[in-house]
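In what follows, a single structure is set out as structure tokens and then discussed.
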2 protein chains.
Amino acid sequence: MERKINLSEQEIPRFYYNITADMPNKPLPPLHPGTRQPITPDLLEPLFPRELILQEVSNERYIEIPPEVRKIYAQWRPTPLFRAVNLEKALNTPAKIFYKYEGVSPAGSHKPNTAVAQAFYNKAEGIKKITTETGAGQWGTALSYACQMFDMDCEVFMVKVSYDQKPYRKIMMNTFGGKVFASPSQLTSAGRKVLESSPDSTGSLGIAISEAIERAVSQPDTHYALGSVLNHVLLHQTIIGQEAMIQMEKAGHQPDIVIAPFGGGSNFAGIAFPFLRLNLTENQYIRCIAVEPESCPKLTRGEFRYDFGDTMGLTPLLPMFTLGHDFMPSPIHAGGLRYHGAGVIVSQLLKDGLIEAVSQNQQRCFDAGAQFIKAEGIIPAPEATHAIASAIDEAIRCREEGVGKTILFNLCGHGYFDMAAYDMYLSGKLNGESQVSDESIRASITAIDSLQP
Amino acid sequence: MERKINLSEQEIPRFYYNITADMPNKPLPPLHPGTRQPITPDLLEPLFPRELILQEVSNERYIEIPPEVRKIYAQWRPTPLFRAVNLEKALNTPAKIFYKYEGVSPAGSHKPNTAVAQAFYNKAEGIKKITTETGAGQWGTALSYACQMFDMDCEVFMVKVSYDQKPYRKIMMNTFGGKVFASPSQLTSAGRKVLESSPDSTGSLGIAISEAIERAVSQPDTHYALGSVLNHVLLHQTIIGQEAMIQMEKAGHQPDIVIAPFGGGSNFAGIAFPFLRLNLTENQYIRCIAVEPESCPKLTRGEFRYDFGDTMGLTPLLPMFTLGHDFMPSPIHAGGLRYHGAGVIVSQLLKDGLIEAVSQNQQRCFDAGAQFIKAEGIIPAPEATHAIASAIDEAIRCREEGVGKTILFNLCGHGYFDMAAYDMYLSGKLNGESQVSDESIRASITAIDSLQP
């Protein structure tokens, strides 16, 4: 039995899988915040290249991966699939546990899968610079890398509190040629406005988005890019699940359960959608479980509503599970999962009962992470520990029920830039996650009540 | 043409290659510092397991890799071999450049190759704890990981200046279960003695070695481990070159030049010795080049002498190229290359003209590293940039001479824990390397003159 299942470069998938083609209920359209009418593609043209806008609304089942993009993927793809033999032994479970390891990418997470594609399509339309926002820094790193590969400039607006707390993330973006600005900045009117009223503002993802968008529309040959939530971003990540499917076949097992961390949806979509296709079109039943933090429980405790994608209320209105765009999650270490809403496609799938969602608290996630390190020798990102925690839950259930199910989860990134978080965990000082009351959720959802679909 | 050449788990080598078997002149014996007589193996028994002592003096050409060790290697081995197509293009060279990437290991460098083997042999003889020293932290991380895999304790004495400057390295060792102490410490009489006379001592590798050895001999079921220099350490690293050889065959090319960074010798030995075997036994001529920092030039400017392996003068006397055990290299960022001597086997090979050595300065190395990141998208450790710099030199020479040689180098680790160094480089503040005068070398070698072989 091989512990690691590799694929050759030729086995990198040639198409992205677009689940919209197979959904029984298509996602509702995004609405213009002013007119409340479905937005038209031309509205997005100042921000995104035409090809990505087409992907955003496409119903084609398979969309070809450009050869130029596959060539860059080949640096780290296909990523390895591991059988977690030591973890199985430690848990004394009859379950078979597999994980797909995306931490081998140049940016250390799954994010370059879409960053490279987005950079390519922008480059193809003559764009010379891409702007974006980043919180903890994973996405900014991925986009900096991708832009460098296509000889484009990259500007990253990094939430000031992270900019100050995670200087190494900023430097990593710099090594890939990215220009990083603490947000709020003096570079944009949005930033200056915030700094005027709150000179000591530590920023927010919402402000950073506003700054990145303003920079994109106010400079020539410049576009904007997003790292999750949108349909085309989820689409690009399906390369993960497609590879995993071939690898599971080589391993001689099919997953009964597929698990991934959940922030905006691209991590989960990446590994789950290709397997979900079997449920939707071939009458299989593979459980697909999205794992969110207890402190940001949009899938398990939020409501399906039209809401803004950002906290400032600048984006189109999206039909999604949300906690309300004003919801402020605890400052947990899994920064990539601190988002108030869920991507439109995933929201529709959950509404239709086609996928499952659970939440995990931070302490439990780090406990699971530590158990994983001890058994498997890989240090996971805090985001990834959410999938590990739920995989362990399912494996323990298998032991209790005496059934040997096959579990596959997405180990979406390494934790080399999260040593401060591990330090707090190891010294018993982990904090930052507070209980979320029903009242606070109700209050922040009530604030968007008028936007009910 | 594939950019990345993978191997399957079955292709992990089954034997370590012991170059001593094929050396025209065997290495001179280590001497007891008191008697000046060759040391006997029993002298080493308080520190090392019997199997490793046998390997240290073995003349067998191939030594079997225990299946338990191969099983753990399989987590990250075989490591990928890359064709540096983008770098070739950027250099406009007819040379073909390949690199073996050891940064995919759990510790992020080639060090676990020997750490796992050493942990295994100790475990097999009933040892419950291993002590060691670490400078920048790569070796301590590798041994912590390896001990955890065999359920053993690990104590790491980390040079205090690094302990304070690189807290994340310490935490990484902690996540792998390693106990890390700032050295000098109050735990040993060696440490206490230093602290008595210099309470503010920032430590040195020499002091840390003394502390680790004292702890090993003063606790039950405890041994000591070293991360380079010794023959058995070099032996374990030959798995790198053996894999590279199969991968180069698959790629359809044989290297004309093999390049590796040089600290104590295990990095270089790892990739070069299996190729050097072809020179020694099959009349081939592959140039094998060891690259050391200009500020620690034992191979290019040192002398072949009997000298101590440590700065305190506690180890047996080793016949090696050395700058003198008192030599204090500049605090360059490539901490892993700041060692005054060269392993015994490599020294003999250099003395016999069977390998080459060059030196590179720090600024040039970081320039080469930045060029590599831009082309290949991987952030190299400062140690690894030395090999990159020389690979680029050779590739440029190929362009100038119009010959398409094949170059292979060891990309021994990633630079995720070296962001502070990259920050200094990117902001133009790189420093720490001073010119080494002939006088200073002469002075520190003269100090060991009485030990001339």
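Chain labels follow the order of the structure tokens: the first chain is A, the next B, and so on; residue numbering restarts at 1 in every chain, and ligands are counted from 1 in their shown order.
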Report the closest atom pair, with its distance in Å rounded to one decimal, for each residue of chain A that has an atom no farther than 7 Å from chain B; count only C-alpha atoms, sort by chain and then rising residue number, and write it as a tab-separated table.
residue	atom	partner	partner_atom	distance
A:Glu2	CA	B:Glu9	CA	6.7
A:Arg3	CA	B:Ala74	CA	6.8
A:Lys4	CA	B:Gln75	CA	6.6
A:Glu9	CA	B:Glu2	CA	6.7
A:Ala74	CA	B:Arg3	CA	6.8
A:Gln75	CA	B:Lys4	CA	6.6
A:Pro106	CA	B:Ile378	CA	5.7
A:Tyr145	CA	B:Gly377	CA	6.8
A:Gln148	CA	B:Lys374	CA	6.6
A:Tyr168	CA	B:Met419	CA	5.5
A:Ile171	CA	B:Asp423	CA	5.9
A:Met172	CA	B:Met419	CA	6.7
A:Phe176	CA	B:Lys374	CA	6.7
A:Ile373	CA	B:Phe176	CA	6.9
A:Lys374	CA	B:Gln148	CA	6.6
A:Gly377	CA	B:Pro106	CA	6.2
A:Ile378	CA	B:Pro106	CA	5.7
A:Tyr416	CA	B:Tyr416	CA	7.0
A:Met419	CA	B:Tyr168	CA	5.5
A:Asp423	CA	B:Ile171	CA	5.9
N, CA, C and O atoms of the current selection, written as a PDB file, in the first residue's frame:
ATOM      1  N   GLU A   2       0.710   2.092  -0.995  1.00  0.00           N
ATOM      2  CA  GLU A   2       1.462   3.333  -1.049  1.00  0.00           C
ATOM      3  C   GLU A   2       0.837   4.366  -0.128  1.00  0.00           C
ATOM      4  O   GLU A   2      -0.371   4.516  -0.066  1.00  0.00           O
ATOM      5  N   ARG A   3       1.714   5.061   0.562  1.00  0.00           N
ATOM      6  CA  ARG A   3       1.216   6.105   1.445  1.00  0.00           C
ATOM      7  C   ARG A   3       0.887   7.372   0.643  1.00  0.00           C
ATOM      8  O   ARG A   3       0.003   8.123   0.982  1.00  0.00           O
ATOM      9  N   LYS A   4       1.662   7.595  -0.431  1.00  0.00           N
ATOM     10  CA  LYS A   4       1.489   8.814  -1.226  1.00  0.00           C
ATOM     11  C   LYS A   4       1.154   8.413  -2.643  1.00  0.00           C
ATOM     12  O   LYS A   4       1.831   7.569  -3.222  1.00  0.00           O
ATOM     13  N   GLU A   9       2.687  14.703 -14.824  1.00  0.00           N
ATOM     14  CA  GLU A   9       2.291  16.001 -15.370  1.00  0.00           C
ATOM     15  C   GLU A   9       1.173  15.867 -16.410  1.00  0.00           C
ATOM     16  O   GLU A   9       0.304  16.719 -16.509  1.00  0.00           O
ATOM     17  N   ALA A  74       2.067  22.953 -13.593  1.00  0.00           N
ATOM     18  CA  ALA A  74       2.973  21.800 -13.557  1.00  0.00           C
ATOM     19  C   ALA A  74       4.133  21.991 -12.592  1.00  0.00           C
ATOM     20  O   ALA A  74       4.821  21.036 -12.242  1.00  0.00           O
ATOM     21  N   GLN A  75       4.344  23.240 -12.149  1.00  0.00           N
ATOM     22  CA  GLN A  75       5.412  23.440 -11.173  1.00  0.00           C
ATOM     23  C   GLN A  75       5.133  22.671  -9.888  1.00  0.00           C
ATOM     24  O   GLN A  75       6.045  22.149  -9.257  1.00  0.00           O
ATOM     25  N   PRO A 106       3.638  27.066  -4.577  1.00  0.00           N
ATOM     26  CA  PRO A 106       4.619  28.103  -4.254  1.00  0.00           C
ATOM     27  C   PRO A 106       4.129  29.070  -3.173  1.00  0.00           C
ATOM     28  O   PRO A 106       4.921  29.609  -2.420  1.00  0.00           O
ATOM     29  N   TYR A 145       2.514  35.894  -6.732  1.00  0.00           N
ATOM     30  CA  TYR A 145       3.215  34.830  -7.464  1.00  0.00           C
ATOM     31  C   TYR A 145       2.709  34.738  -8.905  1.00  0.00           C
ATOM     32  O   TYR A 145       3.500  34.703  -9.862  1.00  0.00           O
ATOM     33  N   GLN A 148       3.668  37.609 -11.173  1.00  0.00           N
ATOM     34  CA  GLN A 148       5.084  37.547 -11.527  1.00  0.00           C
ATOM     35  C   GLN A 148       5.323  36.538 -12.644  1.00  0.00           C
ATOM     36  O   GLN A 148       6.126  36.774 -13.547  1.00  0.00           O
ATOM     37  N   TYR A 168       6.119  38.866   7.879  1.00  0.00           N
ATOM     38  CA  TYR A 168       6.738  37.872   7.005  1.00  0.00           C
ATOM     39  C   TYR A 168       5.872  37.563   5.796  1.00  0.00           C
ATOM     40  O   TYR A 168       6.378  37.245   4.715  1.00  0.00           O
ATOM     41  N   ILE A 171       6.581  40.271   3.373  1.00  0.00           N
ATOM     42  CA  ILE A 171       7.875  40.089   2.699  1.00  0.00           C
ATOM     43  C   ILE A 171       7.779  38.983   1.657  1.00  0.00           C
ATOM     44  O   ILE A 171       8.347  39.078   0.574  1.00  0.00           O
ATOM     45  N   MET A 172       7.033  37.924   1.985  1.00  0.00           N
ATOM     46  CA  MET A 172       6.870  36.844   1.009  1.00  0.00           C
ATOM     47  C   MET A 172       6.225  37.383  -0.278  1.00  0.00           C
ATOM     48  O   MET A 172       6.655  37.058  -1.383  1.00  0.00           O
ATOM     49  N   PHE A 176       7.882  37.805  -4.287  1.00  0.00           N
ATOM     50  CA  PHE A 176       7.224  37.451  -5.549  1.00  0.00           C
ATOM     51  C   PHE A 176       6.916  38.708  -6.383  1.00  0.00           C
ATOM     52  O   PHE A 176       6.162  38.631  -7.358  1.00  0.00           O
ATOM     53  N   ILE A 373      -0.210  16.554  13.252  1.00  0.00           N
ATOM     54  CA  ILE A 373       1.237  16.762  13.150  1.00  0.00           C
ATOM     55  C   ILE A 373       1.977  15.556  13.731  1.00  0.00           C
ATOM     56  O   ILE A 373       2.924  15.041  13.137  1.00  0.00           O
ATOM     57  N   LYS A 374       1.528  15.122  14.883  1.00  0.00           N
ATOM     58  CA  LYS A 374       2.190  14.004  15.560  1.00  0.00           C
ATOM     59  C   LYS A 374       2.140  12.738  14.702  1.00  0.00           C
ATOM     60  O   LYS A 374       3.120  12.003  14.620  1.00  0.00           O
ATOM     61  N   GLY A 377       3.190  14.293  10.484  1.00  0.00           N
ATOM     62  CA  GLY A 377       4.410  15.068  10.290  1.00  0.00           C
ATOM     63  C   GLY A 377       4.286  16.288   9.407  1.00  0.00           C
ATOM     64  O   GLY A 377       5.282  16.814   8.938  1.00  0.00           O
ATOM     65  N   ILE A 378       3.073  16.737   9.159  1.00  0.00           N
ATOM     66  CA  ILE A 378       2.873  17.952   8.357  1.00  0.00           C
ATOM     67  C   ILE A 378       2.177  18.982   9.241  1.00  0.00           C
ATOM     68  O   ILE A 378       1.207  18.657   9.933  1.00  0.00           O
ATOM     69  N   TYR A 416       3.385  27.137   8.010  1.00  0.00           N
ATOM     70  CA  TYR A 416       4.703  27.720   8.287  1.00  0.00           C
ATOM     71  C   TYR A 416       4.642  29.204   8.645  1.00  0.00           C
ATOM     72  O   TYR A 416       5.552  29.727   9.266  1.00  0.00           O
ATOM     73  N   MET A 419       3.147  30.299  12.933  1.00  0.00           N
ATOM     74  CA  MET A 419       3.856  29.827  14.119  1.00  0.00           C
ATOM     75  C   MET A 419       3.395  30.570  15.380  1.00  0.00           C
ATOM     76  O   MET A 419       3.366  29.994  16.462  1.00  0.00           O
ATOM     77  N   ASP A 423       2.211  28.811  18.718  1.00  0.00           N
ATOM     78  CA  ASP A 423       2.844  29.160  19.992  1.00  0.00           C
ATOM     79  C   ASP A 423       1.774  29.392  21.058  1.00  0.00           C
ATOM     80  O   ASP A 423       1.881  28.889  22.187  1.00  0.00           O
TER      81      ASP A 423
END
Closest-contact table, segment 388-445 of chain B side, partner segment 273-294 of chain B, 8 Å, counting only C-alpha atoms, as a tab-separated table:
residue	atom	partner	partner_atom	distance
B:Ser390	CA	B:Val291	CA	7.2
B:Gln435	CA	B:Glu294	CA	7.7
B:Val436	CA	B:Glu294	CA	7.7
Please write the residues from the selection above to a file, keeping C-alpha atoms, as a compact mmCIF listing (two decimals), in the first residue's frame.
# COMPACT_ATOMS: atom_id res chain seq x y z
CA SER B 390 27.10 28.80 -9.18
CA GLN B 435 35.98 40.30 3.69
CA VAL B 436 38.15 37.55 5.11
Give me every strand (DSSP E) residue in segment 145-253 of chain B, going by DSSP on the backbone, as a ChimeraX atom specification.
/B:153-159,179-183,222-224
Create the file for the chosen residues now, containing N, CA, C and O atoms and written as a PDB file, in the first residue's frame.
ATOM      1  N   ASP B 153      11.821  11.271  22.779  1.00  0.00           N
ATOM      2  CA  ASP B 153      11.982  12.668  23.171  1.00  0.00           C
ATOM      3  C   ASP B 153      13.169  13.291  22.433  1.00  0.00           C
ATOM      4  O   ASP B 153      14.116  12.593  22.048  1.00  0.00           O
ATOM      5  N   CYS B 154      13.116  14.593  22.270  1.00  0.00           N
ATOM      6  CA  CYS B 154      14.206  15.309  21.605  1.00  0.00           C
ATOM      7  C   CYS B 154      14.495  16.604  22.359  1.00  0.00           C
ATOM      8  O   CYS B 154      13.579  17.359  22.680  1.00  0.00           O
ATOM      9  N   GLU B 155      15.755  16.804  22.683  1.00  0.00           N
ATOM     10  CA  GLU B 155      16.176  18.049  23.335  1.00  0.00           C
ATOM     11  C   GLU B 155      17.119  18.802  22.411  1.00  0.00           C
ATOM     12  O   GLU B 155      18.140  18.255  21.979  1.00  0.00           O
ATOM     13  N   VAL B 156      16.791  20.053  22.144  1.00  0.00           N
ATOM     14  CA  VAL B 156      17.602  20.842  21.219  1.00  0.00           C
ATOM     15  C   VAL B 156      18.199  22.048  21.943  1.00  0.00           C
ATOM     16  O   VAL B 156      17.458  22.851  22.527  1.00  0.00           O
ATOM     17  N   PHE B 157      19.510  22.155  21.913  1.00  0.00           N
ATOM     18  CA  PHE B 157      20.168  23.347  22.454  1.00  0.00           C
ATOM     19  C   PHE B 157      20.411  24.311  21.300  1.00  0.00           C
ATOM     20  O   PHE B 157      21.212  24.038  20.400  1.00  0.00           O
ATOM     21  N   MET B 158      19.665  25.393  21.348  1.00  0.00           N
ATOM     22  CA  MET B 158      19.694  26.346  20.236  1.00  0.00           C
ATOM     23  C   MET B 158      20.525  27.564  20.647  1.00  0.00           C
ATOM     24  O   MET B 158      20.267  28.176  21.691  1.00  0.00           O
ATOM     25  N   VAL B 159      21.494  27.893  19.814  1.00  0.00           N
ATOM     26  CA  VAL B 159      22.365  29.046  20.082  1.00  0.00           C
ATOM     27  C   VAL B 159      21.493  30.260  20.444  1.00  0.00           C
ATOM     28  O   VAL B 159      20.559  30.586  19.705  1.00  0.00           O
ATOM     29  N   LYS B 179      11.867  19.702  22.604  1.00  0.00           N
ATOM     30  CA  LYS B 179      12.073  20.665  23.695  1.00  0.00           C
ATOM     31  C   LYS B 179      13.282  21.499  23.313  1.00  0.00           C
ATOM     32  O   LYS B 179      14.358  20.948  23.051  1.00  0.00           O
ATOM     33  N   VAL B 180      13.137  22.816  23.319  1.00  0.00           N
ATOM     34  CA  VAL B 180      14.209  23.689  22.850  1.00  0.00           C
ATOM     35  C   VAL B 180      14.702  24.565  23.999  1.00  0.00           C
ATOM     36  O   VAL B 180      13.898  25.190  24.697  1.00  0.00           O
ATOM     37  N   PHE B 181      16.011  24.565  24.214  1.00  0.00           N
ATOM     38  CA  PHE B 181      16.608  25.386  25.257  1.00  0.00           C
ATOM     39  C   PHE B 181      17.571  26.397  24.627  1.00  0.00           C
ATOM     40  O   PHE B 181      18.354  26.046  23.738  1.00  0.00           O
ATOM     41  N   ALA B 182      17.505  27.634  25.111  1.00  0.00           N
ATOM     42  CA  ALA B 182      18.483  28.620  24.678  1.00  0.00           C
ATOM     43  C   ALA B 182      19.828  28.244  25.297  1.00  0.00           C
ATOM     44  O   ALA B 182      19.920  27.949  26.485  1.00  0.00           O
ATOM     45  N   SER B 183      20.873  28.245  24.472  1.00  0.00           N
ATOM     46  CA  SER B 183      22.205  27.868  24.951  1.00  0.00           C
ATOM     47  C   SER B 183      23.133  29.073  24.908  1.00  0.00           C
ATOM     48  O   SER B 183      23.183  29.767  23.889  1.00  0.00           O
ATOM     49  N   THR B 222      19.873   7.967  26.776  1.00  0.00           N
ATOM     50  CA  THR B 222      19.934   9.191  25.974  1.00  0.00           C
ATOM     51  C   THR B 222      21.190   9.188  25.109  1.00  0.00           C
ATOM     52  O   THR B 222      22.273   8.838  25.577  1.00  0.00           O
ATOM     53  N   HIS B 223      21.032   9.559  23.870  1.00  0.00           N
ATOM     54  CA  HIS B 223      22.154   9.684  22.948  1.00  0.00           C
ATOM     55  C   HIS B 223      22.189  11.093  22.355  1.00  0.00           C
ATOM     56  O   HIS B 223      21.300  11.900  22.611  1.00  0.00           O
ATOM     57  N   TYR B 224      23.234  11.298  21.551  1.00  0.00           N
ATOM     58  CA  TYR B 224      23.473  12.595  20.930  1.00  0.00           C
ATOM     59  C   TYR B 224      23.441  12.391  19.416  1.00  0.00           C
ATOM     60  O   TYR B 224      23.748  11.299  18.925  1.00  0.00           O
TER      61      TYR B 224
END
Can you tell me which residues surround Ile209 of chain A at a distance of at most 10 Å, considering only C-alpha atoms, apart from same-chain residues fewer than 4 positions away, and format the answer as an NGL selection string?
:A and (131-134 or 156-159 or 183 or 190 or 204-205 or 213-215 or 224-226 or 310-312 or 314-315)
Saved selection, atoms kept: N, CA and C atoms, as a PDB file, in the first residue's frame:
ATOM      1  N   THR A 131      -5.026  44.507  -8.987  1.00  0.00           N
ATOM      2  CA  THR A 131      -5.096  44.906  -7.580  1.00  0.00           C
ATOM      3  C   THR A 131      -5.967  43.912  -6.824  1.00  0.00           C
ATOM      4  N   THR A 132      -5.700  43.790  -5.543  1.00  0.00           N
ATOM      5  CA  THR A 132      -6.554  42.930  -4.718  1.00  0.00           C
ATOM      6  C   THR A 132      -6.404  43.314  -3.258  1.00  0.00           C
ATOM      7  N   GLU A 133      -7.242  42.703  -2.418  1.00  0.00           N
ATOM      8  CA  GLU A 133      -7.113  42.877  -0.973  1.00  0.00           C
ATOM      9  C   GLU A 133      -6.663  41.532  -0.400  1.00  0.00           C
ATOM     10  N   THR A 134      -6.086  41.587   0.790  1.00  0.00           N
ATOM     11  CA  THR A 134      -5.778  40.335   1.463  1.00  0.00           C
ATOM     12  C   THR A 134      -5.913  40.543   2.963  1.00  0.00           C
ATOM     13  N   VAL A 156      -1.312  44.829  -3.606  1.00  0.00           N
ATOM     14  CA  VAL A 156      -2.110  44.146  -2.586  1.00  0.00           C
ATOM     15  C   VAL A 156      -2.409  45.101  -1.439  1.00  0.00           C
ATOM     16  N   PHE A 157      -3.664  45.302  -1.148  1.00  0.00           N
ATOM     17  CA  PHE A 157      -4.055  46.087   0.026  1.00  0.00           C
ATOM     18  C   PHE A 157      -4.291  45.117   1.180  1.00  0.00           C
ATOM     19  N   MET A 158      -3.392  45.185   2.156  1.00  0.00           N
ATOM     20  CA  MET A 158      -3.420  44.228   3.257  1.00  0.00           C
ATOM     21  C   MET A 158      -3.990  44.918   4.496  1.00  0.00           C
ATOM     22  N   VAL A 159      -4.985  44.318   5.078  1.00  0.00           N
ATOM     23  CA  VAL A 159      -5.622  44.882   6.269  1.00  0.00           C
ATOM     24  C   VAL A 159      -4.535  45.243   7.285  1.00  0.00           C
ATOM     25  N   SER A 183      -3.707  48.813   4.606  1.00  0.00           N
ATOM     26  CA  SER A 183      -5.002  49.445   4.359  1.00  0.00           C
ATOM     27  C   SER A 183      -5.705  49.702   5.693  1.00  0.00           C
ATOM     28  N   ALA A 190     -10.944  56.358  -0.684  1.00  0.00           N
ATOM     29  CA  ALA A 190     -11.593  55.514   0.340  1.00  0.00           C
ATOM     30  C   ALA A 190     -10.708  55.405   1.579  1.00  0.00           C
ATOM     31  N   SER A 204     -10.014  46.913   7.707  1.00  0.00           N
ATOM     32  CA  SER A 204     -10.900  45.752   7.624  1.00  0.00           C
ATOM     33  C   SER A 204     -10.853  45.263   6.187  1.00  0.00           C
ATOM     34  N   LEU A 205     -11.305  44.031   5.972  1.00  0.00           N
ATOM     35  CA  LEU A 205     -11.321  43.502   4.614  1.00  0.00           C
ATOM     36  C   LEU A 205     -12.206  44.370   3.725  1.00  0.00           C
ATOM     37  N   ILE A 213     -10.471  48.109  -5.384  1.00  0.00           N
ATOM     38  CA  ILE A 213     -11.370  48.392  -6.508  1.00  0.00           C
ATOM     39  C   ILE A 213     -11.120  49.807  -7.038  1.00  0.00           C
ATOM     40  N   GLU A 214     -10.981  50.745  -6.127  1.00  0.00           N
ATOM     41  CA  GLU A 214     -10.739  52.135  -6.547  1.00  0.00           C
ATOM     42  C   GLU A 214      -9.445  52.239  -7.362  1.00  0.00           C
ATOM     43  N   ARG A 215      -8.424  51.553  -6.893  1.00  0.00           N
ATOM     44  CA  ARG A 215      -7.154  51.570  -7.637  1.00  0.00           C
ATOM     45  C   ARG A 215      -7.305  50.928  -9.015  1.00  0.00           C
ATOM     46  N   TYR A 224      -9.044  44.096 -11.209  1.00  0.00           N
ATOM     47  CA  TYR A 224      -9.161  43.687  -9.813  1.00  0.00           C
ATOM     48  C   TYR A 224      -9.381  42.172  -9.779  1.00  0.00           C
ATOM     49  N   ALA A 225      -8.977  41.513  -8.705  1.00  0.00           N
ATOM     50  CA  ALA A 225      -9.180  40.061  -8.613  1.00  0.00           C
ATOM     51  C   ALA A 225      -9.623  39.676  -7.210  1.00  0.00           C
ATOM     52  N   LEU A 226     -10.423  38.634  -7.150  1.00  0.00           N
ATOM     53  CA  LEU A 226     -10.934  38.108  -5.875  1.00  0.00           C
ATOM     54  C   LEU A 226     -10.460  36.668  -5.691  1.00  0.00           C
ATOM     55  N   ASP A 310     -19.368  42.399   0.477  1.00  0.00           N
ATOM     56  CA  ASP A 310     -18.367  43.073   1.310  1.00  0.00           C
ATOM     57  C   ASP A 310     -19.049  43.755   2.488  1.00  0.00           C
ATOM     58  N   THR A 311     -18.276  44.161   3.433  1.00  0.00           N
ATOM     59  CA  THR A 311     -18.871  44.768   4.628  1.00  0.00           C
ATOM     60  C   THR A 311     -19.317  46.204   4.381  1.00  0.00           C
ATOM     61  N   MET A 312     -18.775  46.843   3.349  1.00  0.00           N
ATOM     62  CA  MET A 312     -19.118  48.239   3.099  1.00  0.00           C
ATOM     63  C   MET A 312     -20.399  48.379   2.264  1.00  0.00           C
ATOM     64  N   LEU A 314     -20.674  47.644  -1.190  1.00  0.00           N
ATOM     65  CA  LEU A 314     -20.354  48.179  -2.517  1.00  0.00           C
ATOM     66  C   LEU A 314     -20.619  47.180  -3.644  1.00  0.00           C
ATOM     67  N   THR A 315     -20.627  45.896  -3.333  1.00  0.00           N
ATOM     68  CA  THR A 315     -20.724  44.876  -4.383  1.00  0.00           C
ATOM     69  C   THR A 315     -22.182  44.691  -4.799  1.00  0.00           C
TER      70      THR A 315
END
So that I can see what lies close to segment 114-130 of chain A, please list as a ChimeraX atom specification the residues with an atom at most 10 Å from it, counting only C-alpha atoms and leaving out residues fewer than 3 positions away in the same chain.
/A:47-52,65-66,68-70,72-73,110-111,139-156,178,212-213,215-216,219-228,232-239,266
So that I can check the surroundings of Ile97 of chain A, please list as a PyMOL selection string every protein, DNA and RNA residue that reaches within 9 Å of it, counting only C-alpha atoms and ignoring chain neighbours fewer than 6 positions away.
chain A and resi 82-85+87-88+255+391-392+395+405-409
For a quick check of understanding, using only C-alpha atoms, which of A:Met173, A:Ile355, A:Leu350, A:Leu43 has the smallest distance to Pro30 of chain A?
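Result for the nearest residue to Pro30 of chain A: A:Leu43.
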Might you pull out every residue within 9 Å of segment 307-309 of chain A, with only C-alpha atoms counted and same-chain residues fewer than 6 positions away left off, and present them as a list in words?
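Here the qualifying residues turn out to be Pro33, Val229, Thr315, Pro316, Leu317, Leu318, Pro319, Met320, Phe321, Thr322, Gly324, His325, His340, Gly341, Ala342, Gly343, Ile448, Leu451 and Gln452 of chain A.
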Between A:Pro41, A:Pro184, A:Pro46, A:Gly241, which one has atoms that come closest to Pro78 of chain A, using only C-alpha atoms?
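Closest to Pro78 of chain A of all the choices is A:Gly241.
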